[in-house]
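Peer 1: Below you'll find the structure I mean.
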Amino acid sequence: MCSVPRSLWLGCANLVESMCALSCLQSMPSVRCLQNTSVMEDQNEDESPKKSTLWQISNGTSSVIVSRKRPSEGNYQKEKDLCIKYFDQWSESDQVEFVEHLISRMCHYQHGHINSYLKPMLQRDFITALPEQGLDHIAENILSYLDARSLCAAELVCKEWQRVISEGMLWKKLIERMVRTDPLWKGLSERRGWDQYLFKNRPTDGPPNSFYRSLYPKIIQDIETIESNWRCGRHNLQRIQCRSENSKGVYCLQYDDEKIISGLRDNSIKIWDKTSLECLKVLTGHTGSVLCLQYDERVIVTGSSDSTVRVWDVNTGEVLNTLIHHNEAVLHLRFSNGLMVTCSKDRSIAVWDMASATDITLRRVLVGHRAAVNVVDFDDKYIVSASGDRTIKVWSTSTCEFVRTLNGHKRGIACLQYRDRLVVSGSSDNTIRLWDIECGACLRVLEGHEELVRCIRFDNKRIVSGAYDGKIKVWDLQAALDPRAPASTLCLRTLVEHSGRVFRLQFDEFQIISSSHDDTILIWDFLNVPPSAQNETRSPSRTYTYISR
């Protein structure tokens, strides 16, 4: 048994008293090899050369080089076993310190060899290791952040990974995450019916992971088809003939999954079943054309050429309130979160506090436009208005103070939408302009309509505009915001079905609903396109037409 203290293993100058330690050290790969050479001893020519190795042991201040013949294989094994025996007797910290000293004495080649040896040892299959410790839920949570491509790759790693993905229902969780964050996925889940399998604890007889695994590519195919239909103009068309009794024309509309509410030139408000296209209810009370409207789950608010704003119960159709303030026609209105803004042909903008349907009080009147104020929009930061005086004005929502004017249109402005920093406006100069509301810069001018641009809406992907030329145009919003994109690539499709001026439109990921001077409401469906229309590149004929009674 060697009784030399451990400090000797870290380098000792007194080799005479530590030959036992030296025997162990010289068998370790960490002792630095200074030179391997054949040393010729004094011998006759017929004597064979004998190999000798030079070893260096240092205590940090001095070093001793000794020459020793390579031990026989049997001695090496004994010395290695003895060294390991002492190594095993030390604490973990002492072992680390010893190895650090050995590594510091090695050459570059040895470092590379050790690195190659350690690399696979340092890798940890934590996804497999976690379930072994009863932590399946952590492994599932880690993999649940993967996208579809990465999840496919993870399934191929090994059977254990595949098991974690399957038992953790990770394809279901991926679909649920997409439905929560993307309105296209949410709408598709409702329309295709697979939302019934989401956001519930999996019952024992519910669909397995393989169901969601096979569902995912079908959803992707659906989405790609919808995008292609938008770009190619393929759609299924449904038509509502409003059959106004006196003057014809549908000035405004709004819809949801169950109904369409429209404001007509004949002074009435008509509510339509969106599935059967039948007229469910007619609201009367205005003495002039209904020019604008908005509704939520409680009320419908309408503005009319009779200068009044009326509030109706959305369920019963009862008139709850009538606001008399403007001197001329109420051209547009918006309400949200207890605030309502109306604008009028009398050149003013009225800001209202809307505590309830029956408790609406005037907060402030904004004056500054020199012609009729045709449209307003707002959020928590700004109120934005556009006028026949060719300008867009920006006001503070909280203080109602004027902020800035956006100039650029050459004729009066008929429509706009505002969201985040972006304002998109349409004008009687036949153009559409995109603006940065914070700096007032015009980002792009879209040209293509042949007459006044009467209505415009946009989302994250596209702009849809309607004009007095009877056409609806679909524009690529992201391309329009890219100054490098050629103007010729911006208009994706022109839809021609209305026979009169397009007054109002609204759209979502799956459809456009528009109204016109021709007394019709058209539903352009880009999801449920008949197979016969799949190869068409223009607007198909009226596949479905319903004439209301």
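Numbering starts fresh at 1 for the residues of each chain in the structure tokens, the chains themselves are lettered A, B, ... in the order given, and ligands are numbered from 1 as they appear.
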If we count only C-alpha atoms, what is near Gly338 (chain A) at a cut-off of 10 Å, once residues fewer than 6 positions away on the same chain are taken out, given as number ranges by chain?
Peer 2: A: 352-357, 360
Peer 1: What would the file look like if the residues just selected were written as an mmCIF file, in the first residue's frame with N, CA, C and O atoms?
Peer 2:
```
data_model
loop_
_atom_site.group_PDB
_atom_site.id
_atom_site.type_symbol
_atom_site.label_atom_id
_atom_site.label_comp_id
_atom_site.auth_asym_id
_atom_site.auth_seq_id
_atom_site.Cartn_x
_atom_site.Cartn_y
_atom_site.Cartn_z
ATOM 1 N N TRP A 352 -69.216 60.719 -27.450
ATOM 2 C CA TRP A 352 -70.242 60.420 -26.461
ATOM 3 C C TRP A 352 -69.723 59.422 -25.425
ATOM 4 O O TRP A 352 -68.984 58.488 -25.756
ATOM 5 N N ASP A 353 -70.139 59.624 -24.174
ATOM 6 C CA ASP A 353 -69.934 58.618 -23.126
ATOM 7 C C ASP A 353 -71.159 57.719 -23.107
ATOM 8 O O ASP A 353 -72.296 58.191 -22.950
ATOM 9 N N MET A 354 -70.910 56.406 -23.253
ATOM 10 C CA MET A 354 -72.001 55.453 -23.429
ATOM 11 C C MET A 354 -72.026 54.504 -22.234
ATOM 12 O O MET A 354 -71.531 53.379 -22.289
ATOM 13 N N ALA A 355 -72.612 54.936 -21.133
ATOM 14 C CA ALA A 355 -72.670 54.113 -19.929
ATOM 15 C C ALA A 355 -73.604 52.919 -20.122
ATOM 16 O O ALA A 355 -73.339 51.820 -19.654
ATOM 17 N N SER A 356 -74.692 53.134 -20.833
ATOM 18 C CA SER A 356 -75.644 52.068 -21.156
ATOM 19 C C SER A 356 -76.450 52.513 -22.366
ATOM 20 O O SER A 356 -76.272 53.640 -22.857
ATOM 21 N N ALA A 357 -77.349 51.665 -22.815
ATOM 22 C CA ALA A 357 -78.148 52.013 -23.992
ATOM 23 C C ALA A 357 -79.014 53.240 -23.748
ATOM 24 O O ALA A 357 -79.283 54.028 -24.670
ATOM 25 N N ILE A 360 -76.565 57.784 -22.421
ATOM 26 C CA ILE A 360 -75.545 58.235 -23.365
ATOM 27 C C ILE A 360 -75.475 59.760 -23.294
ATOM 28 O O ILE A 360 -76.478 60.444 -23.536
#
```
Peer 1: Run DSSP on the backbone and give me the residues of region 180-427 of chain A it puts in alpha helix (DSSP H), as a VMD selection string.
Peer 2: chain A and resid 180 to 181 183 to 192 209 to 232
Peer 1: DSSP on the backbone: which residues in region 390-456 of chain A end up as strand (DSSP E)? Give the answer as a ChimeraX atom specification.
Peer 2: /A:391-396,402-407,413-419,422-427,431-436,442-447,453-456
Peer 1: With a distance cut-off of 7 Å and only C-alpha atoms, select the neighbouring residues of region 165-177 of chain A, excluding the residue or stretch itself and same-chain residues fewer than 2 positions from it, and output the selection as a ChimeraX atom specification.
Peer 2: /A:140,144,161-163,179-181,198-199,209,212-213
Peer 1: Save out the residues we just selected, N, CA, C and O atoms, as a compact mmCIF listing (two decimals), in the first residue's frame.
Peer 2:
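Below you can see again.txt, which holds the result:
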```txt
# COMPACT_ATOMS: atom_id res chain seq x y z
N GLU A 140 -43.39 16.27 -21.58
CA GLU A 140 -44.48 16.67 -22.47
C GLU A 140 -44.52 18.18 -22.65
O GLU A 140 -44.73 18.69 -23.75
N SER A 144 -44.07 20.28 -26.11
CA SER A 144 -45.29 20.96 -26.57
C SER A 144 -45.00 22.31 -27.21
O SER A 144 -45.87 22.89 -27.85
N TRP A 161 -39.46 8.84 -27.16
CA TRP A 161 -39.93 10.18 -27.56
C TRP A 161 -41.31 10.07 -28.21
O TRP A 161 -42.19 10.88 -27.96
N GLN A 162 -41.46 9.08 -29.06
CA GLN A 162 -42.75 8.88 -29.71
C GLN A 162 -43.84 8.60 -28.68
O GLN A 162 -44.97 9.07 -28.80
N ARG A 163 -43.49 7.84 -27.64
CA ARG A 163 -44.46 7.54 -26.59
C ARG A 163 -44.87 8.80 -25.84
O ARG A 163 -46.05 9.02 -25.56
N VAL A 179 -55.33 27.38 -32.70
CA VAL A 179 -56.70 27.89 -32.65
C VAL A 179 -56.80 29.10 -31.70
O VAL A 179 -57.53 30.06 -31.98
N ARG A 180 -56.04 29.05 -30.60
CA ARG A 180 -56.06 30.17 -29.65
C ARG A 180 -55.43 31.44 -30.24
O ARG A 180 -55.85 32.55 -29.89
N THR A 181 -54.45 31.29 -31.09
CA THR A 181 -53.65 32.45 -31.51
C THR A 181 -53.92 32.92 -32.93
O THR A 181 -53.52 34.03 -33.28
N LEU A 198 -61.55 19.75 -29.17
CA LEU A 198 -60.48 20.56 -28.58
C LEU A 198 -60.87 21.11 -27.21
O LEU A 198 -62.05 21.20 -26.88
N PHE A 199 -59.84 21.48 -26.46
CA PHE A 199 -59.98 22.17 -25.18
C PHE A 199 -60.83 21.39 -24.17
O PHE A 199 -61.58 21.96 -23.39
N ASN A 209 -54.14 10.22 -30.12
CA ASN A 209 -53.20 11.16 -30.69
C ASN A 209 -53.11 11.03 -32.20
O ASN A 209 -52.93 12.01 -32.92
N TYR A 212 -55.40 13.39 -34.20
CA TYR A 212 -54.92 14.77 -34.35
C TYR A 212 -53.70 14.82 -35.26
O TYR A 212 -53.49 15.81 -35.98
N ARG A 213 -52.91 13.74 -35.22
CA ARG A 213 -51.73 13.66 -36.09
C ARG A 213 -52.13 13.66 -37.56
O ARG A 213 -51.49 14.29 -38.41
```
Peer 1: For Gly470 (chain A), please output as a list in words all residues within 7 Å (counting only C-alpha atoms; exclusion window: fewer than 2 positions along the same chain).
Peer 2: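 The neighbour list is Ala467, Tyr468, Ile472, Val496, His498, Ser499, Gly500, Arg501 and Val502 of chain A.
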Peer 1: May I have the selected residues written with C-alpha atoms, as a PDB file, in the first residue's frame?
Peer 2:
```pdb
ATOM      1  CA  ALA A 467     -65.933  51.555 -55.359  1.00  0.00           C
ATOM      2  CA  TYR A 468     -68.540  53.316 -57.396  1.00  0.00           C
ATOM      3  CA  ILE A 472     -64.330  44.953 -55.345  1.00  0.00           C
ATOM      4  CA  VAL A 496     -67.115  41.924 -60.499  1.00  0.00           C
ATOM      5  CA  HIS A 498     -72.465  44.052 -58.463  1.00  0.00           C
ATOM      6  CA  SER A 499     -74.326  45.982 -61.122  1.00  0.00           C
ATOM      7  CA  GLY A 500     -74.246  49.237 -59.149  1.00  0.00           C
ATOM      8  CA  ARG A 501     -72.045  51.240 -56.823  1.00  0.00           C
ATOM      9  CA  VAL A 502     -70.523  49.273 -53.938  1.00  0.00           C
TER      10      VAL A 502
END
```
Peer 1: With distances taken over only C-alpha atoms, which of A:Thr128, A:Thr225, A:Lys259, A:Ser268 is nearest to Ser247 (chain A)?
Peer 2: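 Of A:Thr128, A:Thr225, A:Lys259, A:Ser268, the one nearest Ser247 (chain A) is A:Ser268, counting only C-alpha atoms.
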Peer 1: Write out, as a tab-separated table, each residue of region 351-456 of chain A that has an atom at most 12 Å from region 508-518 of chain A, together with the closest pair of atoms and their distance in Å to one decimal, counting only C-alpha atoms, rows going by chain and rising number.
Peer 2:
```
residue	atom	partner	partner_atom	distance
A:Arg454	CA	A:Ser516	CA	10.4
A:Cys455	CA	A:Ser514	CA	9.6
A:Ile456	CA	A:Ser514	CA	10.8
```
Peer 1: Create the file for the chosen residues now, containing C-alpha atoms and written as a compact mmCIF listing (two decimals), in the first residue's frame.
Peer 2:
```txt
# COMPACT_ATOMS: atom_id res chain seq x y z
CA ARG A 454 -66.47 54.16 -51.20
CA CYS A 455 -65.55 51.45 -48.66
CA ILE A 456 -62.38 49.82 -47.40
```
Peer 1: Interatomic distance between CA of Gly285 (chain A) and CA of Thr316 (chain A)?
Peer 2: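 Here the two named atoms are 14.1 Å from each other.
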Peer 1: Distance CA of His111 (chain A)-CA of Asn75 (chain A), one decimal place?
Peer 2: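 We find that CA of His111 (chain A) and CA of Asn75 (chain A) lie 25.7 Å from each other.
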Peer 1: Out of A:Asp459, A:Asp346, A:Asp147, A:Asp273, which residue has the shortest atom-to-atom distance to Tyr216 (chain A) when counting only C-alpha atoms?
Peer 2: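 That would be A:Asp147, the residue with the smallest distance to Tyr216 (chain A).
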Peer 1: Give me, as a CSV table (one decimal) with N, CA and C atoms, in the first residue's frame, all polymer residues having an atom no more than 6 Å from Ile392 (chain A), counting only C-alpha atoms and skipping those fewer than 5 positions away in the same chain.
Peer 2:
```csv
chain,number,residue,atom,x,y,z
A,385,SER,N,-60.5,60.9,-38.2
A,385,SER,CA,-61.7,61.3,-39.0
A,385,SER,C,-61.2,61.7,-40.5
A,386,ALA,N,-62.1,61.5,-41.4
A,386,ALA,CA,-61.8,61.9,-42.8
A,386,ALA,C,-63.0,62.6,-43.4
A,405,THR,N,-52.7,66.5,-38.9
A,405,THR,CA,-53.5,66.3,-40.2
A,405,THR,C,-52.7,65.5,-41.2
A,406,LEU,N,-53.3,64.6,-41.8
A,406,LEU,CA,-52.7,63.8,-42.9
A,406,LEU,C,-53.1,64.4,-44.2
```
Peer 1: Could you list, as a list of chain:residue names, every residue within 9 Å of Lys248 (chain A), counting only C-alpha atoms and ignoring same-chain residues fewer than 6 positions away?
Peer 2: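 Listing them by chain and then by number gives A:Cys242, A:Leu264, A:Arg265, A:Asp266, A:His517, A:Asp518, A:Asp519.
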Peer 1: For CA of His235 (chain A) and CA of Pro530 (chain A), quote the distance in Å rounded to one decimal.
Peer 2: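 Calculated distance between CA of His235 (chain A) and CA of Pro530 (chain A) is 8.0 Å.
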Peer 1: Looking at A:Val250, A:Asp257, A:Pro531, A:Asp476, which one is nearest to Leu505 (chain A), with distances taken over only C-alpha atoms?
Peer 2: A:Val250
